[in-house]
Amino acid sequence: MAVTKYESYYAKICENIKGIRESNEYKTDSLAFAHWYLKNYYKLQEQDIAEALIDGAGDLGIDSVIIDEENQALIVMQYKFPAKKENIKNEIDQGEILKTWNGFMTLISNERCYEGSNTKFAEFKSRLENSLITHFRICFVSYNKGIVANKSIVESNAETFRQDTGSELEIVYHDRDAIANIYEKINRKNSISVSLKYKQMQPAYNVQTRKIDSFVGFVNGKELVQGISNNIATIFDENIRLYEYGSSVNNGINRTATSTDQADMFYFYNNGIVFICDQAQNSPASNEIFLTGASVVNGCQTLNTLYNAVQKGKLNDTVYILVRVISIADYSERMRITEFLNSQTPIRDSYFIANHTVIRDLQKKLLEKGYFLERQINEYEYMKEHGVDIQGKIVMELENVIQYYVGYWIDKNASLAKRGKNALFDKNKIEELLVGLTADKVIEAYNVYNAISEVLTLYRKTRRNSSKDEFAKYIGVKQIWMNENIDSFRFMNTGDIILLNTYRNLKDQYKRKKIAELEQKDIIIDSIFIVRDVINKEEEKNVSLLTKNSSIFNKVQIKVSALEERVEHKAD
């Protein structure tokens with residue numbers, strides 16, 4: 001019997017998962033698979049992944065949680081990774097679906113008490129009691145056929161929830177096709193190729209001196225979805241605006257596209273889709289255009305809405321849409337086109353500082369010191385493929401650079417760097433934050449963060465396995481004491497930024513007071529005990545809230561500034 005790509009990819013993904021499981025001391029492949037998914041689909045950093053995962057018994061079928069307070073959104077996920085290759089032909093059974101649904105309702109409902117023993121689940125539930133959430137998403141992520149026979153159960157529960165609460169709820173089914181697509185994206189050496197059947201497509205404006213060509217036409221909605229469906233997870237690689245679940249605009253697009261009396265007006269109501277590509281070859285004889293190195297840079301909301309409508313069998317046949325194709329060779333102009341096409345509607349400001357003069361200069365200075373600053377997502381891979389000599393450089397992502405820099409150097413905004421890092425890019429704030437930005441400061445903050453991150457990982461390994469003594473050895477206590485006092489360090493699950501800020505203040509205070517010069521490890525240990533002492537005195541016991549609280553940051557800063565000698569390590 002022929003081996004399918006699912007079976008071939010299964011073996012490769014297993015290799016990745018094995019490495020993740022070993023390095024993080026995960027007890028199951030499903031947890032390692034969740035880590036792999038969050039890293040490669042949601043692009044979360046290691047500490048963000050650790051904060052999202054729910055580890056251990058009592059999770060009620062919820063394996064990870066993302067709370068996006070800025071966008072009033074909650075994402076809960078269930079993961080299934082088959083233990084055997086043969087099981088990739090299975091589906092998620094009804095019992096697992098109902099378990100996750102019950103877990104979701106227990107998590108969000110104040111009327112339901114959680115009686116389980118999972119500390120992480122309880123903390124998420126406690127945090128949601130103080131959060132305004134209007135958009136909900138439940139994701140079933142599995143490397144098998146996913147939910148097929150039991151989809152009606154999910155949709156029925158979802159519709160009841162929408163009617164009872166008036167809230168937006170999106171159900172996402174990421175089955176083996178979606179996972180295979182993600183895997184292909186990770187390992188793709190060639191750029192995306194797309195073939196579009198069209199009703200009409202004409203050559204349009206071109207600038208030969210810049211090697212830019214363009215085409216304009218209109219395409220049937222179903223034909224458009226068919227042309228990109230195999231690349232739905234990757235076709236938006238260069239789009240700085242991703243799909244917004246539950247938005248009123250997208251709901252309106254869906255109503256028109258699925259209606260019986262307005263679908264034929266879709267072309268006139270919608271702004272259309274813009275593809276950008278390396279090369280476009282038009283075939284008028286077959287009414288088809290072939291795009292190499294293609295990406296959708298405008299129209300992500302529309303295209304995702306049409307795709308979802310097709311998946312549900314509701315897209316009207318009379319839907320046609322305006323399509324623009326831009327073929328361009330110059331990468332810097334390609335970036336500017338992407339930025340300007342997405343500046344007409346509100347999006348996260350973090351993406352727009354990519355072309356700020358300070359950031360451009362920072363990228364140059366960091367490159368001289370062995371670091372490559374990605375001003376745009378996937379810039380490193382793109383530049384490398386196009387012959388730019390950046391091999392061996394340490395890659396930094398722009399958003400992380402700003403978060404670590406602010407968390408480390410700017411005390412008054414340090415808690416904001418943890419609580420809502422997107423707010424750092426507010427147009428009224430960003431100029432102030434960039435004033436003192438230098439390559440050396442960025443490198444110092446970045447390296448200290450990575451060192452702290454490694455210690456947080458040691459702590460989490462101890463929480464998962466009480467026989468693991470690496471964290472106890474690191475901070476200089478006995479393992480038996482650590483096992484008895486493990487919960488007093490629980491703040492470390494979400495304490496990356498407060499430890500980062502404490503480290504810098506402590507380092508400066510020791511220098512001012514001429515306390516003996518210490519190694520990085522010693523200052524990290526001192527920081528851990530200082531933050532521990534401050535947080536353990538608080539009446540609020542939800543440490544995930546405390547590590548985002550500006551008053552806690554302030555209390556730690558005051559405590560450090562009052563030190564006249566090295567902090568005492570209290571192993572009590």
# chains A, B, ... in the order shown; residues from 1 in each chain; ligands from 1
>>> closest_atom_pairs(of="range 31-73 of chain A", to="range 96-119 of chain A", cutoff="6 Å", atoms="only C-alpha atoms", output="CSV")
residue,atom,partner,partner_atom,distance
A:Gly58,CA,A:Asn118,CA,5.1
A:Leu60,CA,A:Gly103,CA,4.6
A:Gly61,CA,A:Thr100,CA,4.3
A:Ile62,CA,A:Thr100,CA,5.8
>>> select_by_dssp(residues="range 54-220 of chain A", states="helix (DSSP H, G or I)", output="compact mmCIF listing (two decimals) with N, CA and C atoms, in the first residue's frame")
# COMPACT_ATOMS: atom_id res chain seq x y z
N LYS A 85 1.44 5.40 13.93
CA LYS A 85 1.22 5.95 12.59
C LYS A 85 -0.15 5.55 12.04
N GLU A 86 -0.59 4.33 12.35
CA GLU A 86 -1.86 3.84 11.82
C GLU A 86 -3.04 4.69 12.30
N ASN A 87 -2.87 5.35 13.44
CA ASN A 87 -3.99 6.08 14.04
C ASN A 87 -4.25 7.44 13.39
N ILE A 88 -3.44 7.84 12.43
CA ILE A 88 -3.69 9.12 11.78
C ILE A 88 -4.95 9.08 10.93
N LYS A 89 -5.51 7.88 10.75
CA LYS A 89 -6.77 7.74 10.00
C LYS A 89 -7.98 7.86 10.92
N GLN A 94 -16.30 11.36 20.38
CA GLN A 94 -17.33 12.21 20.99
C GLN A 94 -16.98 12.54 22.45
N GLY A 95 -16.44 11.53 23.16
CA GLY A 95 -16.11 11.76 24.56
C GLY A 95 -15.10 12.87 24.75
N GLU A 96 -14.08 12.91 23.90
CA GLU A 96 -13.05 13.95 23.99
C GLU A 96 -13.62 15.32 23.65
N ILE A 97 -14.53 15.35 22.68
CA ILE A 97 -15.16 16.61 22.31
C ILE A 97 -15.96 17.18 23.47
N LEU A 98 -16.79 16.33 24.09
CA LEU A 98 -17.64 16.77 25.19
C LEU A 98 -16.80 17.16 26.41
N LYS A 99 -15.69 16.44 26.62
CA LYS A 99 -14.81 16.77 27.73
C LYS A 99 -14.23 18.18 27.56
N THR A 100 -13.79 18.49 26.36
CA THR A 100 -13.23 19.82 26.09
C THR A 100 -14.31 20.90 26.21
N TRP A 101 -15.50 20.59 25.72
CA TRP A 101 -16.58 21.58 25.82
C TRP A 101 -16.90 21.87 27.29
N ASN A 102 -16.98 20.82 28.11
CA ASN A 102 -17.22 21.00 29.54
C ASN A 102 -16.09 21.80 30.18
N GLY A 103 -14.85 21.52 29.78
CA GLY A 103 -13.71 22.27 30.30
C GLY A 103 -13.79 23.74 29.93
N PHE A 104 -14.19 24.02 28.70
CA PHE A 104 -14.34 25.40 28.23
C PHE A 104 -15.39 26.14 29.07
N MET A 105 -16.53 25.51 29.27
CA MET A 105 -17.61 26.15 30.03
C MET A 105 -17.21 26.33 31.50
N THR A 106 -16.50 25.37 32.06
CA THR A 106 -16.03 25.50 33.44
C THR A 106 -15.03 26.64 33.56
N LEU A 107 -14.19 26.79 32.57
CA LEU A 107 -13.17 27.83 32.58
C LEU A 107 -13.77 29.22 32.56
N ILE A 108 -14.79 29.44 31.75
CA ILE A 108 -15.29 30.80 31.53
C ILE A 108 -16.49 31.17 32.40
N THR A 119 -3.35 23.40 39.13
CA THR A 119 -3.11 24.79 39.54
C THR A 119 -3.19 25.75 38.36
N LYS A 120 -2.65 25.35 37.22
CA LYS A 120 -2.63 26.23 36.05
C LYS A 120 -4.06 26.51 35.57
N PHE A 121 -4.89 25.47 35.52
CA PHE A 121 -6.28 25.66 35.11
C PHE A 121 -6.97 26.62 36.06
N ALA A 122 -6.76 26.41 37.37
CA ALA A 122 -7.39 27.27 38.38
C ALA A 122 -6.94 28.72 38.23
N GLU A 123 -5.66 28.93 37.91
CA GLU A 123 -5.17 30.29 37.75
C GLU A 123 -5.77 30.96 36.52
N PHE A 124 -5.89 30.22 35.42
CA PHE A 124 -6.53 30.79 34.24
C PHE A 124 -7.98 31.17 34.55
N LYS A 125 -8.68 30.31 35.25
CA LYS A 125 -10.08 30.60 35.59
C LYS A 125 -10.18 31.84 36.47
N SER A 126 -9.28 31.93 37.45
CA SER A 126 -9.26 33.10 38.32
C SER A 126 -8.95 34.37 37.54
N ARG A 127 -8.02 34.28 36.62
CA ARG A 127 -7.65 35.46 35.83
C ARG A 127 -8.81 35.91 34.95
N LEU A 128 -9.58 34.96 34.41
CA LEU A 128 -10.70 35.32 33.54
C LEU A 128 -11.83 36.01 34.30
N LYS A 151 -19.05 16.47 14.05
CA LYS A 151 -18.99 17.93 13.90
C LYS A 151 -20.31 18.60 14.28
N SER A 152 -21.42 17.91 14.05
CA SER A 152 -22.73 18.50 14.36
C SER A 152 -22.87 18.76 15.86
N ILE A 153 -22.23 17.90 16.68
CA ILE A 153 -22.29 18.10 18.13
C ILE A 153 -21.58 19.39 18.50
N VAL A 154 -20.41 19.60 17.92
CA VAL A 154 -19.65 20.82 18.21
C VAL A 154 -20.42 22.06 17.75
N GLU A 155 -20.91 22.02 16.53
CA GLU A 155 -21.59 23.19 15.97
C GLU A 155 -22.88 23.50 16.72
N SER A 156 -23.58 22.44 17.18
CA SER A 156 -24.81 22.64 17.94
C SER A 156 -24.52 23.32 19.28
N ASN A 157 -23.49 22.83 19.98
CA ASN A 157 -23.11 23.45 21.24
C ASN A 157 -22.64 24.89 21.04
N ALA A 158 -21.92 25.11 19.95
CA ALA A 158 -21.42 26.46 19.66
C ALA A 158 -22.56 27.43 19.39
N GLU A 159 -23.53 26.99 18.62
CA GLU A 159 -24.67 27.86 18.28
C GLU A 159 -25.49 28.17 19.53
N THR A 160 -25.67 27.18 20.40
CA THR A 160 -26.38 27.42 21.66
C THR A 160 -25.64 28.44 22.51
N PHE A 161 -24.31 28.32 22.55
CA PHE A 161 -23.50 29.27 23.30
C PHE A 161 -23.67 30.68 22.75
N ARG A 162 -23.63 30.83 21.45
CA ARG A 162 -23.76 32.16 20.83
C ARG A 162 -25.12 32.77 21.16
N GLN A 163 -26.16 31.96 21.09
CA GLN A 163 -27.51 32.46 21.37
C GLN A 163 -27.69 32.82 22.84
N ASP A 164 -27.13 32.00 23.72
CA ASP A 164 -27.30 32.22 25.16
C ASP A 164 -26.49 33.39 25.67
N THR A 165 -25.31 33.62 25.08
CA THR A 165 -24.40 34.65 25.60
C THR A 165 -24.33 35.90 24.75
N ARG A 176 -5.11 16.78 10.17
CA ARG A 176 -3.81 16.40 9.62
C ARG A 176 -3.46 17.21 8.38
N ASP A 177 -4.45 17.69 7.63
CA ASP A 177 -4.16 18.53 6.47
C ASP A 177 -3.53 19.85 6.91
N ALA A 178 -4.11 20.46 7.95
CA ALA A 178 -3.58 21.73 8.44
C ALA A 178 -2.20 21.55 9.05
N ILE A 179 -2.01 20.46 9.81
CA ILE A 179 -0.72 20.21 10.43
C ILE A 179 0.34 19.93 9.37
N ALA A 180 -0.04 19.16 8.33
CA ALA A 180 0.89 18.89 7.24
C ALA A 180 1.29 20.19 6.54
N ASN A 181 0.32 21.09 6.42
CA ASN A 181 0.60 22.38 5.79
C ASN A 181 1.58 23.20 6.61
N ILE A 182 1.43 23.16 7.93
CA ILE A 182 2.35 23.87 8.82
C ILE A 182 3.75 23.27 8.70
N TYR A 183 3.81 21.94 8.66
CA TYR A 183 5.10 21.27 8.54
C TYR A 183 5.78 21.64 7.22
N GLU A 184 4.99 21.70 6.15
CA GLU A 184 5.54 22.07 4.85
C GLU A 184 6.09 23.49 4.89
N LYS A 185 5.39 24.36 5.58
CA LYS A 185 5.84 25.75 5.68
C LYS A 185 7.20 25.84 6.38
N ILE A 186 7.35 25.05 7.45
CA ILE A 186 8.60 25.07 8.20
C ILE A 186 9.77 24.65 7.33
N ASN A 187 9.53 23.65 6.49
CA ASN A 187 10.62 23.04 5.73
C ASN A 187 10.65 23.44 4.26
N GLN A 208 8.91 49.56 -15.48
CA GLN A 208 9.99 48.69 -15.94
C GLN A 208 11.32 49.01 -15.27
N THR A 209 11.54 50.30 -14.95
CA THR A 209 12.81 50.65 -14.30
C THR A 209 12.93 50.02 -12.92
N ARG A 210 11.79 49.69 -12.31
CA ARG A 210 11.78 49.04 -11.00
C ARG A 210 11.45 47.55 -11.10
>>> closest_residue(among="A:Ile486, A:Ala11, A:Val310, A:Ile558", to="Leu506 in chain A", atoms="only C-alpha atoms")
A:Ile558
>>> atom_distance(atom1="CA of Arg419 in chain A", atom2="CA of Leu433 in chain A")
16.4 Å
>>> closest_atom_pairs(of="range 429-540 of chain A", to="range 23-27 of chain A", cutoff="9 Å", atoms="only C-alpha atoms", output="Markdown table")
| residue | atom | partner | partner_atom | distance |
| --- | --- | --- | --- | --- |
| A:Thr457 | CA | A:Asn24 | CA | 7.2 |
| A:Leu458 | CA | A:Asn24 | CA | 8.6 |
| A:Arg460 | CA | A:Asn24 | CA | 8.2 |
| A:Lys461 | CA | A:Glu25 | CA | 5.9 |
| A:Arg464 | CA | A:Glu25 | CA | 7.4 |
| A:Asn465 | CA | A:Glu25 | CA | 8.0 |
>>> select_by_dssp(residues="range 63-252 of chain A", states="strand (DSSP E or B)", output="count of residues only")
47
>>> residues_around(residues="Gln226 in chain A", least_positions_apart="5", cutoff="10 Å", atoms="only C-alpha atoms", output="ChimeraX atom specification")
/A:195-197,220-221,231,307,310
>>> write_last_selection(atoms="N, CA and C atoms", output="compact mmCIF listing (two decimals), in the first residue's frame")
# COMPACT_ATOMS: atom_id res chain seq x y z
N SER A 195 -1.96 28.86 -8.66
CA SER A 195 -2.60 28.95 -9.98
C SER A 195 -4.04 29.39 -9.78
N LEU A 196 -4.41 30.53 -10.43
CA LEU A 196 -5.75 31.08 -10.28
C LEU A 196 -6.50 31.04 -11.61
N LYS A 197 -7.68 30.42 -11.58
CA LYS A 197 -8.59 30.51 -12.73
C LYS A 197 -9.39 31.80 -12.59
N ASN A 220 -14.01 34.29 -9.66
CA ASN A 220 -15.11 33.72 -8.90
C ASN A 220 -14.64 33.31 -7.50
N GLY A 221 -15.47 33.55 -6.50
CA GLY A 221 -15.08 33.29 -5.12
C GLY A 221 -14.64 31.86 -4.87
N ASN A 231 -2.69 26.11 0.49
CA ASN A 231 -1.70 26.96 1.15
C ASN A 231 -2.35 27.94 2.13
N TYR A 307 -13.05 31.44 2.45
CA TYR A 307 -12.56 30.07 2.67
C TYR A 307 -13.45 29.35 3.68
N VAL A 310 -16.78 28.42 2.15
CA VAL A 310 -16.66 27.24 1.29
C VAL A 310 -16.61 25.97 2.13
>>> atom_distance(atom1="CA of Tyr404 in chain A", atom2="CA of Trp36 in chain A")
23.3 Å
>>> closest_residue(among="A:Asn230, A:Asn144, A:Thr502, A:Gln72", to="Ile452 in chain A", atoms="only C-alpha atoms")
A:Thr502
>>> closest_residue(among="A:Ile498, A:Leu31, A:Leu398, A:Ala50", to="Glu454 in chain A", atoms="only C-alpha atoms")
A:Ala50
>>> residues_around(residues="Tyr503 in chain A", least_positions_apart="3", cutoff="8 Å", atoms="only C-alpha atoms", output="MDAnalysis selection string")
chainID A and resid 408 499:500 506:507 523:524 527
>>> residues_around(residues="range 32-34 of chain A", least_positions_apart="6", cutoff="8 Å", atoms="only C-alpha atoms", output="PyMOL selection string")
chain A and resi 17-18+20-21+26+53+63-64+79+81
>>> residues_around(residues="Glu170 in chain A", least_positions_apart="6", cutoff="12 Å", atoms="only C-alpha atoms", output="VMD selection string")
chain A and resid 73 to 77 134 to 140 154 to 155 157 to 159 161 to 162 243 to 247 251 305 308
>>> write_last_selection(atoms="C-alpha atoms", output="short mmCIF file (atom, residue, chain, number, x, y, z; two decimals), in the first residue's frame")
data_model
loop_
_atom_site.label_atom_id
_atom_site.label_comp_id
_atom_site.auth_asym_id
_atom_site.auth_seq_id
_atom_site.Cartn_x
_atom_site.Cartn_y
_atom_site.Cartn_z
CA ALA A 73 -10.17 37.32 23.17
CA LEU A 74 -9.78 33.85 24.66
CA ILE A 75 -8.36 30.86 22.79
CA VAL A 76 -8.58 27.36 24.26
CA MET A 77 -7.09 24.31 22.55
CA THR A 134 -16.07 39.06 24.10
CA HIS A 135 -14.42 36.83 21.50
CA PHE A 136 -13.94 33.12 22.08
CA ARG A 137 -12.19 30.48 20.03
CA ILE A 138 -12.01 26.71 20.59
CA CYS A 139 -9.36 24.88 18.57
CA PHE A 140 -9.31 21.13 18.02
CA VAL A 154 -19.65 20.82 18.21
CA GLU A 155 -21.59 23.19 15.97
CA ASN A 157 -23.11 23.45 21.24
CA ALA A 158 -21.42 26.46 19.66
CA GLU A 159 -24.67 27.86 18.28
CA PHE A 161 -23.50 29.27 23.30
CA ARG A 162 -23.76 32.16 20.83
CA TYR A 243 -7.47 36.97 10.33
CA GLU A 244 -9.59 38.55 13.06
CA TYR A 245 -12.06 36.01 14.37
CA GLY A 246 -15.50 37.30 15.18
CA SER A 247 -15.07 40.87 13.90
CA ASN A 251 -19.43 38.92 9.78
CA THR A 305 -14.11 34.53 5.30
CA ASN A 308 -14.63 29.42 5.81
#
>>> atom_distance(atom1="CA of Ser286 in chain A", atom2="CA of Tyr267 in chain A")
22.4 Å
>>> closest_residue(among="A:Arg512, A:Arg375, A:Lys418, A:Lys521", to="Asn549 in chain A", atoms="only C-alpha atoms")
A:Lys418
>>> residues_around(residues="range 319-328 of chain A", least_positions_apart="3", cutoff="7 Å", atoms="only C-alpha atoms", output="list in words")
Lys211, Ile212, Asp213, Ser214, Phe215, Val216, Gly217, Phe218, Val219, Asn220, Gly221, Ala257, Ala263, Asp264, Phe266, Tyr267, Gly272, Ile273, Val274, Phe275, Ile276, Cys277, Asp278, Gln279, Ala280, Asn316 and Arg334 of chain A
